[in-house]
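Printed here is model.pdb (PDB, C-alpha atoms and all ligand atoms):
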```pdb
ATOM      1  CA  MET L 988      59.035 -54.681 118.054  1.00  0.00           C
ATOM      2  CA  SER L 989      55.593 -55.590 116.898  1.00  0.00           C
ATOM      3  CA  LEU L 990      52.335 -56.836 118.269  1.00  0.00           C
ATOM      4  CA  LEU L 991      51.615 -60.451 117.483  1.00  0.00           C
ATOM      5  CA  PRO L 992      48.160 -61.935 116.973  1.00  0.00           C
ATOM      6  CA  ILE L 993      47.162 -64.130 119.919  1.00  0.00           C
ATOM      7  CA  SER L 994      45.998 -67.636 119.032  1.00  0.00           C
ATOM      8  CA  VAL L 995      42.539 -68.317 120.379  1.00  0.00           C
ATOM      9  CA  TYR L 996      41.109 -71.678 121.487  1.00  0.00           C
ATOM     10  CA  PRO L 997      40.646 -74.115 119.724  1.00  0.00           C
ATOM     11  CA  ASP L 998      43.656 -73.144 117.563  1.00  0.00           C
ATOM     12  CA  PRO L 999      45.690 -76.396 117.312  1.00  0.00           C
ATOM     13  CA  VAL L1000      48.965 -74.595 118.091  1.00  0.00           C
ATOM     14  CA  LEU L1001      47.723 -74.275 121.676  1.00  0.00           C
ATOM     15  CA  ARG L1002      47.773 -78.083 121.884  1.00  0.00           C
ATOM     16  CA  GLN L1003      51.305 -78.472 120.540  1.00  0.00           C
ATOM     17  CA  LYS L1004      54.112 -79.400 122.897  1.00  0.00           C
ATOM     18  CA  ALA L1005      56.657 -76.614 122.588  1.00  0.00           C
ATOM     19  CA  GLU L1006      60.223 -77.405 121.523  1.00  0.00           C
ATOM     20  CA  ARG L1007      63.288 -76.572 123.587  1.00  0.00           C
ATOM     21  CA  VAL L1008      65.270 -73.520 122.581  1.00  0.00           C
ATOM     22  CA  GLU L1009      68.792 -74.620 121.625  1.00  0.00           C
ATOM     23  CA  ASN L1010      70.180 -71.229 120.586  1.00  0.00           C
ATOM     24  CA  ILE L1011      69.068 -67.936 122.029  1.00  0.00           C
ATOM     25  CA  ASP L1012      69.619 -66.196 118.710  1.00  0.00           C
ATOM     26  CA  ASP L1013      68.256 -63.003 117.168  1.00  0.00           C
ATOM     27  CA  VAL L1014      65.065 -64.764 116.140  1.00  0.00           C
ATOM     28  CA  ILE L1015      64.379 -65.741 119.752  1.00  0.00           C
ATOM     29  CA  GLN L1016      65.346 -62.275 121.026  1.00  0.00           C
ATOM     30  CA  CYS L1017      62.918 -60.731 118.574  1.00  0.00           C
ATOM     31  CA  LEU L1018      60.201 -63.177 119.589  1.00  0.00           C
ATOM     32  CA  ILE L1019      60.767 -62.257 123.265  1.00  0.00           C
ATOM     33  CA  ASP L1020      60.485 -58.519 122.517  1.00  0.00           C
ATOM     34  CA  ASP L1021      57.296 -59.056 120.544  1.00  0.00           C
ATOM     35  CA  MET L1022      55.823 -61.311 123.233  1.00  0.00           C
ATOM     36  CA  ILE L1023      56.495 -58.691 125.928  1.00  0.00           C
ATOM     37  CA  GLU L1024      54.849 -55.996 123.849  1.00  0.00           C
ATOM     38  CA  THR L1025      51.894 -58.271 123.028  1.00  0.00           C
ATOM     39  CA  MET L1026      51.412 -59.244 126.691  1.00  0.00           C
ATOM     40  CA  GLN L1027      51.532 -55.625 127.842  1.00  0.00           C
ATOM     41  CA  GLU L1028      49.159 -54.449 125.153  1.00  0.00           C
ATOM     42  CA  ALA L1029      46.579 -57.224 125.799  1.00  0.00           C
ATOM     43  CA  PRO L1030      46.974 -56.597 128.784  1.00  0.00           C
ATOM     44  CA  GLY L1031      47.986 -59.840 130.436  1.00  0.00           C
ATOM     45  CA  ILE L1032      50.281 -61.058 133.208  1.00  0.00           C
ATOM     46  CA  GLY L1033      51.797 -63.939 131.266  1.00  0.00           C
ATOM     47  CA  LEU L1034      52.232 -65.249 127.749  1.00  0.00           C
ATOM     48  CA  ALA L1035      53.678 -68.453 126.334  1.00  0.00           C
ATOM     49  CA  ALA L1036      55.106 -68.621 122.814  1.00  0.00           C
ATOM     50  CA  ASN L1037      52.452 -71.154 121.722  1.00  0.00           C
ATOM     51  CA  GLN L1038      49.922 -68.383 122.212  1.00  0.00           C
ATOM     52  CA  VAL L1039      51.491 -66.348 119.431  1.00  0.00           C
ATOM     53  CA  GLY L1040      51.712 -69.356 117.135  1.00  0.00           C
ATOM     54  CA  ARG L1041      55.304 -70.320 117.957  1.00  0.00           C
ATOM     55  CA  PRO L1042      55.577 -73.639 119.817  1.00  0.00           C
ATOM     56  CA  VAL L1043      58.960 -73.031 121.442  1.00  0.00           C
ATOM     57  CA  ARG L1044      59.759 -73.021 125.150  1.00  0.00           C
ATOM     58  CA  VAL L1045      59.647 -69.301 125.867  1.00  0.00           C
ATOM     59  CA  VAL L1046      57.461 -67.628 128.467  1.00  0.00           C
ATOM     60  CA  VAL L1047      57.124 -64.026 129.614  1.00  0.00           C
ATOM     61  CA  VAL L1048      55.522 -63.158 132.938  1.00  0.00           C
ATOM     62  CA  ASP L1049      54.821 -59.827 134.592  1.00  0.00           C
ATOM     63  CA  VAL L1050      52.827 -59.758 137.833  1.00  0.00           C
ATOM     64  CA  GLU L1051      54.356 -56.432 138.906  1.00  0.00           C
ATOM     65  CA  CYS L1052      50.943 -54.722 138.976  1.00  0.00           C
ATOM     66  CA  ARG L1053      49.656 -57.221 141.537  1.00  0.00           C
ATOM     67  CA  GLU L1054      52.850 -58.269 143.305  1.00  0.00           C
ATOM     68  CA  PRO L1055      55.316 -55.360 143.148  1.00  0.00           C
ATOM     69  CA  GLY L1056      58.991 -56.198 143.194  1.00  0.00           C
ATOM     70  CA  ARG L1057      58.916 -59.237 140.926  1.00  0.00           C
ATOM     71  CA  GLY L1058      59.463 -57.315 137.708  1.00  0.00           C
ATOM     72  CA  LEU L1059      59.272 -58.680 134.202  1.00  0.00           C
ATOM     73  CA  LEU L1060      60.486 -62.246 133.826  1.00  0.00           C
ATOM     74  CA  VAL L1061      61.648 -63.952 130.654  1.00  0.00           C
ATOM     75  CA  LEU L1062      61.982 -67.726 130.957  1.00  0.00           C
ATOM     76  CA  ILE L1063      63.536 -69.965 128.343  1.00  0.00           C
ATOM     77  CA  ASN L1064      63.238 -73.754 128.711  1.00  0.00           C
ATOM     78  CA  PRO L1065      61.633 -73.433 132.170  1.00  0.00           C
ATOM     79  CA  GLU L1066      61.533 -76.522 134.376  1.00  0.00           C
ATOM     80  CA  LEU L1067      59.633 -77.215 137.531  1.00  0.00           C
ATOM     81  CA  ILE L1068      62.162 -78.139 140.219  1.00  0.00           C
ATOM     82  CA  SER L1069      59.839 -78.488 143.177  1.00  0.00           C
ATOM     83  CA  ALA L1070      56.258 -77.826 144.142  1.00  0.00           C
ATOM     84  CA  SER L1071      54.385 -77.866 147.418  1.00  0.00           C
ATOM     85  CA  GLY L1072      51.004 -77.099 148.940  1.00  0.00           C
ATOM     86  CA  GLN L1073      47.717 -76.548 147.206  1.00  0.00           C
ATOM     87  CA  THR L1074      45.711 -73.502 146.311  1.00  0.00           C
ATOM     88  CA  LYS L1075      42.690 -72.715 144.183  1.00  0.00           C
ATOM     89  CA  SER L1076      42.019 -69.460 142.421  1.00  0.00           C
ATOM     90  CA  GLU L1077      40.205 -67.930 139.495  1.00  0.00           C
ATOM     91  CA  GLU L1078      42.164 -68.093 136.240  1.00  0.00           C
ATOM     92  CA  GLY L1079      41.717 -66.723 132.773  1.00  0.00           C
ATOM     93  CA  CYS L1080      43.801 -66.894 129.611  1.00  0.00           C
ATOM     94  CA  LEU L1081      44.425 -64.530 126.709  1.00  0.00           C
ATOM     95  CA  SER L1082      43.716 -67.491 124.395  1.00  0.00           C
ATOM     96  CA  ILE L1083      40.295 -68.084 125.984  1.00  0.00           C
ATOM     97  CA  PRO L1084      39.109 -64.494 126.307  1.00  0.00           C
ATOM     98  CA  GLY L1085      36.197 -63.761 128.606  1.00  0.00           C
ATOM     99  CA  TYR L1086      36.170 -67.105 130.417  1.00  0.00           C
ATOM    100  CA  PHE L1087      37.303 -67.527 134.008  1.00  0.00           C
ATOM    101  CA  ALA L1088      37.200 -70.527 136.304  1.00  0.00           C
ATOM    102  CA  GLY L1089      38.628 -71.784 139.574  1.00  0.00           C
ATOM    103  CA  VAL L1090      41.729 -73.932 139.099  1.00  0.00           C
ATOM    104  CA  ALA L1091      43.651 -75.980 141.677  1.00  0.00           C
ATOM    105  CA  ARG L1092      47.416 -75.444 141.600  1.00  0.00           C
ATOM    106  CA  HIS L1093      50.475 -75.911 143.764  1.00  0.00           C
ATOM    107  CA  GLN L1094      50.844 -73.154 146.335  1.00  0.00           C
ATOM    108  CA  GLU L1095      54.588 -72.761 145.934  1.00  0.00           C
ATOM    109  CA  VAL L1096      56.949 -73.671 143.144  1.00  0.00           C
ATOM    110  CA  VAL L1097      60.620 -73.443 142.329  1.00  0.00           C
ATOM    111  CA  VAL L1098      61.346 -73.026 138.627  1.00  0.00           C
ATOM    112  CA  GLN L1099      64.670 -73.085 136.829  1.00  0.00           C
ATOM    113  CA  ALA L1100      65.123 -71.530 133.426  1.00  0.00           C
ATOM    114  CA  LEU L1101      67.486 -69.531 131.270  1.00  0.00           C
ATOM    115  CA  ASP L1102      67.034 -65.788 131.015  1.00  0.00           C
ATOM    116  CA  ARG L1103      67.405 -64.025 127.684  1.00  0.00           C
ATOM    117  CA  GLU L1104      71.137 -63.687 128.186  1.00  0.00           C
ATOM    118  CA  GLY L1105      71.370 -67.445 128.594  1.00  0.00           C
ATOM    119  CA  GLN L1106      72.083 -67.253 132.317  1.00  0.00           C
ATOM    120  CA  ARG L1107      70.547 -69.908 134.537  1.00  0.00           C
ATOM    121  CA  ILE L1108      67.950 -68.437 136.895  1.00  0.00           C
ATOM    122  CA  GLU L1109      65.972 -69.987 139.713  1.00  0.00           C
ATOM    123  CA  ILE L1110      62.686 -68.507 140.847  1.00  0.00           C
ATOM    124  CA  ALA L1111      60.985 -69.433 144.112  1.00  0.00           C
ATOM    125  CA  ALA L1112      57.407 -68.263 143.887  1.00  0.00           C
ATOM    126  CA  ASP L1113      54.157 -68.303 145.779  1.00  0.00           C
ATOM    127  CA  GLY L1114      50.908 -66.394 145.330  1.00  0.00           C
ATOM    128  CA  LEU L1115      50.018 -65.073 141.916  1.00  0.00           C
ATOM    129  CA  LEU L1116      53.492 -65.549 140.448  1.00  0.00           C
ATOM    130  CA  SER L1117      53.428 -69.252 141.346  1.00  0.00           C
ATOM    131  CA  ILE L1118      50.039 -69.698 139.690  1.00  0.00           C
ATOM    132  CA  CYS L1119      51.079 -67.717 136.651  1.00  0.00           C
ATOM    133  CA  LEU L1120      54.275 -69.749 136.182  1.00  0.00           C
ATOM    134  CA  GLN L1121      52.333 -73.021 136.403  1.00  0.00           C
ATOM    135  CA  HIS L1122      49.723 -71.730 133.940  1.00  0.00           C
ATOM    136  CA  GLU L1123      52.360 -70.619 131.412  1.00  0.00           C
ATOM    137  CA  MET L1124      54.407 -73.813 131.744  1.00  0.00           C
ATOM    138  CA  ASP L1125      51.219 -75.773 131.072  1.00  0.00           C
ATOM    139  CA  HIS L1126      50.938 -73.895 127.772  1.00  0.00           C
ATOM    140  CA  LEU L1127      54.353 -75.240 126.758  1.00  0.00           C
ATOM    141  CA  GLU L1128      52.975 -78.767 127.232  1.00  0.00           C
ATOM    142  CA  GLY L1129      49.935 -77.948 125.093  1.00  0.00           C
ATOM    143  CA  LYS L1130      47.784 -77.801 128.171  1.00  0.00           C
ATOM    144  CA  LEU L1131      45.136 -75.190 128.990  1.00  0.00           C
ATOM    145  CA  PHE L1132      43.491 -74.239 132.272  1.00  0.00           C
ATOM    146  CA  ILE L1133      40.178 -75.628 131.015  1.00  0.00           C
ATOM    147  CA  ASP L1134      41.847 -79.073 131.196  1.00  0.00           C
ATOM    148  CA  ARG L1135      42.089 -78.584 134.950  1.00  0.00           C
ATOM    149  CA  ILE L1136      38.472 -77.728 135.718  1.00  0.00           C
ATOM    150  CA  SER L1137      35.771 -80.250 136.552  1.00  0.00           C
ATOM    151  CA  PRO L1138      34.256 -82.292 133.685  1.00  0.00           C
ATOM    152  CA  ILE L1139      30.884 -80.619 134.275  1.00  0.00           C
ATOM    153  CA  SER L1140      32.373 -77.126 134.141  1.00  0.00           C
ATOM    154  CA  ARG L1141      34.300 -78.107 131.008  1.00  0.00           C
ATOM    155  CA  ASP L1142      31.111 -79.333 129.289  1.00  0.00           C
ATOM    156  CA  ILE L1143      29.357 -76.068 130.116  1.00  0.00           C
ATOM    157  CA  PHE L1144      32.367 -74.098 128.892  1.00  0.00           C
ATOM    158  CA  LYS L1145      32.504 -75.990 125.594  1.00  0.00           C
ATOM    159  CA  ARG L1146      28.812 -75.440 124.936  1.00  0.00           C
ATOM    160  CA  ARG L1147      29.166 -71.738 125.632  1.00  0.00           C
ATOM    161  CA  TRP L1148      32.327 -71.516 123.513  1.00  0.00           C
ATOM    162  CA  LYS L1149      30.712 -73.235 120.521  1.00  0.00           C
ATOM    163  CA  LYS L1150      27.832 -70.795 120.738  1.00  0.00           C
ATOM    164  CA  LYS L1151      30.216 -67.854 120.957  1.00  0.00           C
ATOM    165  CA  LEU L1152      32.225 -69.043 117.939  1.00  0.00           C
ATOM    166  CA  LYS L1153      29.017 -69.504 115.981  1.00  0.00           C
ATOM    167  CA  GLU L1154      27.806 -66.019 116.894  1.00  0.00           C
ATOM    168  CA  GLU L1155      31.130 -64.592 115.811  1.00  0.00           C
ATOM    169  CA  GLY L1156      30.714 -66.340 112.476  1.00  0.00           C
ATOM    170  CA  ALA L1157      33.743 -68.522 112.975  1.00  0.00           C
ATOM    171  CA  GLU L1158      33.894 -71.761 111.062  1.00  0.00           C
ATOM    172  CA  ALA L1159      31.742 -74.430 112.649  1.00  0.00           C
ATOM    173  CA  GLN L1160      33.792 -76.286 115.220  1.00  0.00           C
ATOM    174  CA  SER L1161      32.500 -79.821 115.250  1.00  0.00           C
ATOM    175  CA  CYS L1162      34.726 -80.775 118.128  1.00  0.00           C
ATOM    176  CA  LEU L1163      36.530 -78.706 120.680  1.00  0.00           C
ATOM    177  CA  ASP L1164      39.486 -80.604 122.058  1.00  0.00           C
TER
HETATM  178 NI    NI R1201      47.060 -68.766 129.233  1.00  0.00          NI
END
```

Show me, as structure tokens, the structure contained in the file I just sent.
Ligand code: NI
Amino acid sequence: MSLLPISVYPDPVLRQKAERVENIDDVIQCLIDDMIETMQEAPGIGLAANQVGRPVRVVVVDVECREPGRGLLVLINPELISASGQTKSEEGCLSIPGYFAGVARHQEVVVQALDREGQRIEIAADGLLSICLQHEMDHLEGKLFIDRISPISRDIFKRRWKKKLKEEGAEAQSCLD
């Protein structure tokens, strides 16, 4: 297993729609192991493959520290089956380090996916797990939580982010998507 570098906004891979996994082969198994290790090391509660530069439909989630009993989840080709209610909570993202904002999400979701053995699993979630699943599945569509905040908040974020990138000596970003 090895730690993978996490792609940081505005890396274009974060905007790519991830491709379905057709074969859960050794390459995918290795990716899953590396993603788990990378998420735990960060530390984070969820990671989508886009975030490590691999636009394929693989997500790992671990909210055990906040919601004991859920354990570590590996989801391949996850699909939203149903969603209900509304909730708003503070979110962050390993690809947008240091920025947090309130995001509206569904309260409860049911998600179907394959696990790493290729077995179909169905997860009914509320609370943090529900939010985390929605956040990670957004990643697979090339979507980030900053797309779900108000236009004013997004403008402020982009100004701050440009400044931060400049201070860090990153290449000038003329436009943040
Ligand atoms: Ni994220």

List all protein, DNA and RNA residues that have at least one atom no more than 8 Å from any atom of ligand NI 1201 (chain R), counting all atoms listed in the file, and write them as a PDB file with C-alpha atoms, in the frame of the given file.
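Wrote it out as pocket_20.pdb, contents follow:
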```
ATOM      1  CA  GLY L1033      51.797 -63.939 131.266  1.00  0.00           C
ATOM      2  CA  LEU L1034      52.232 -65.249 127.749  1.00  0.00           C
ATOM      3  CA  ALA L1035      53.678 -68.453 126.334  1.00  0.00           C
ATOM      4  CA  GLN L1038      49.922 -68.383 122.212  1.00  0.00           C
ATOM      5  CA  GLY L1079      41.717 -66.723 132.773  1.00  0.00           C
ATOM      6  CA  CYS L1080      43.801 -66.894 129.611  1.00  0.00           C
ATOM      7  CA  LEU L1081      44.425 -64.530 126.709  1.00  0.00           C
ATOM      8  CA  SER L1082      43.716 -67.491 124.395  1.00  0.00           C
ATOM      9  CA  ILE L1083      40.295 -68.084 125.984  1.00  0.00           C
ATOM     10  CA  HIS L1122      49.723 -71.730 133.940  1.00  0.00           C
ATOM     11  CA  GLU L1123      52.360 -70.619 131.412  1.00  0.00           C
ATOM     12  CA  HIS L1126      50.938 -73.895 127.772  1.00  0.00           C
ATOM     13  CA  LEU L1131      45.136 -75.190 128.990  1.00  0.00           C
ATOM     14  CA  PHE L1132      43.491 -74.239 132.272  1.00  0.00           C
TER      15      PHE L1132
END
```

From the list L:Leu1059, L:Ile1133, L:Leu1018, L:Val1043, which residue is nearest Met988 of chain L when using all atoms listed in the file?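 Between L:Leu1059, L:Ile1133, L:Leu1018, L:Val1043, the residue approaching Met988 of chain L most closely is L:Leu1018.
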
For the PyMOL selection byres (((chain L and resi 1029) around 12) and not hetatm), applied here, can you spell out every residue it catches as a ChimeraX atom specification? /L:990-993,1022-1028,1030-1034,1080-1082,1084

For atom CA of Leu1163 of chain L and atom CA of Ser1137 of chain L, the interatomic separation in Å (one decimal):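 Answer for the atom CA of Leu1163 of chain L to atom CA of Ser1137 of chain L separation: 16.0 Å.
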
Residue with smallest distance to Glu1128 of chain L - pool L:Glu1066, L:Arg1103, L:Asp1021, L:Pro1055, counting all atoms listed in the file: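 Among the listed residues, L:Glu1066 lies closest to Glu1128 of chain L.
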
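If only C-alpha atoms are the atoms counted, then among L:Val1048, L:Leu1127, L:Val1097, L:Ile1139 the closest residue to Arg1002 of chain L is L:Leu1127.
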
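Minimum atom-to-atom distances from L:Ala1111, L:Ile1136, L:Ile1118, L:Ala1005 to Gln1099 of chain L were compared using all atoms listed in the file, and the lowest value belongs to L:Ala1111.
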
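Taken over the shown file, the PyMOL selection byres (((chain L and resi 1092) around 8) and not hetatm) identifies Gln1073, Thr1074, Lys1075, Val1090, Ala1091, His1093, Gln1094, Ile1118 and Gln1121 of chain L.
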
Take the residues that were just selected and, keeping C-alpha atoms, output them as a CSV table (one decimal), in the coordinates of the input.
```csv
chain,number,residue,atom,x,y,z
L,1073,GLN,CA,47.7,-76.5,147.2
L,1074,THR,CA,45.7,-73.5,146.3
L,1075,LYS,CA,42.7,-72.7,144.2
L,1090,VAL,CA,41.7,-73.9,139.1
L,1091,ALA,CA,43.7,-76.0,141.7
L,1093,HIS,CA,50.5,-75.9,143.8
L,1094,GLN,CA,50.8,-73.2,146.3
L,1118,ILE,CA,50.0,-69.7,139.7
L,1121,GLN,CA,52.3,-73.0,136.4
```

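You will find atom CA of Glu1154 of chain L at 23.8 Å from atom CA of Val1039 of chain L.
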
Find the residues near Ser1117 of chain L: any atom within 6 Å, counting all atoms listed in the file, skip ones fewer than 4 places away on the same chain, and give them as a list of chain:residue names. L:Glu1095, L:Val1096, L:Ala1112, L:Asp1113
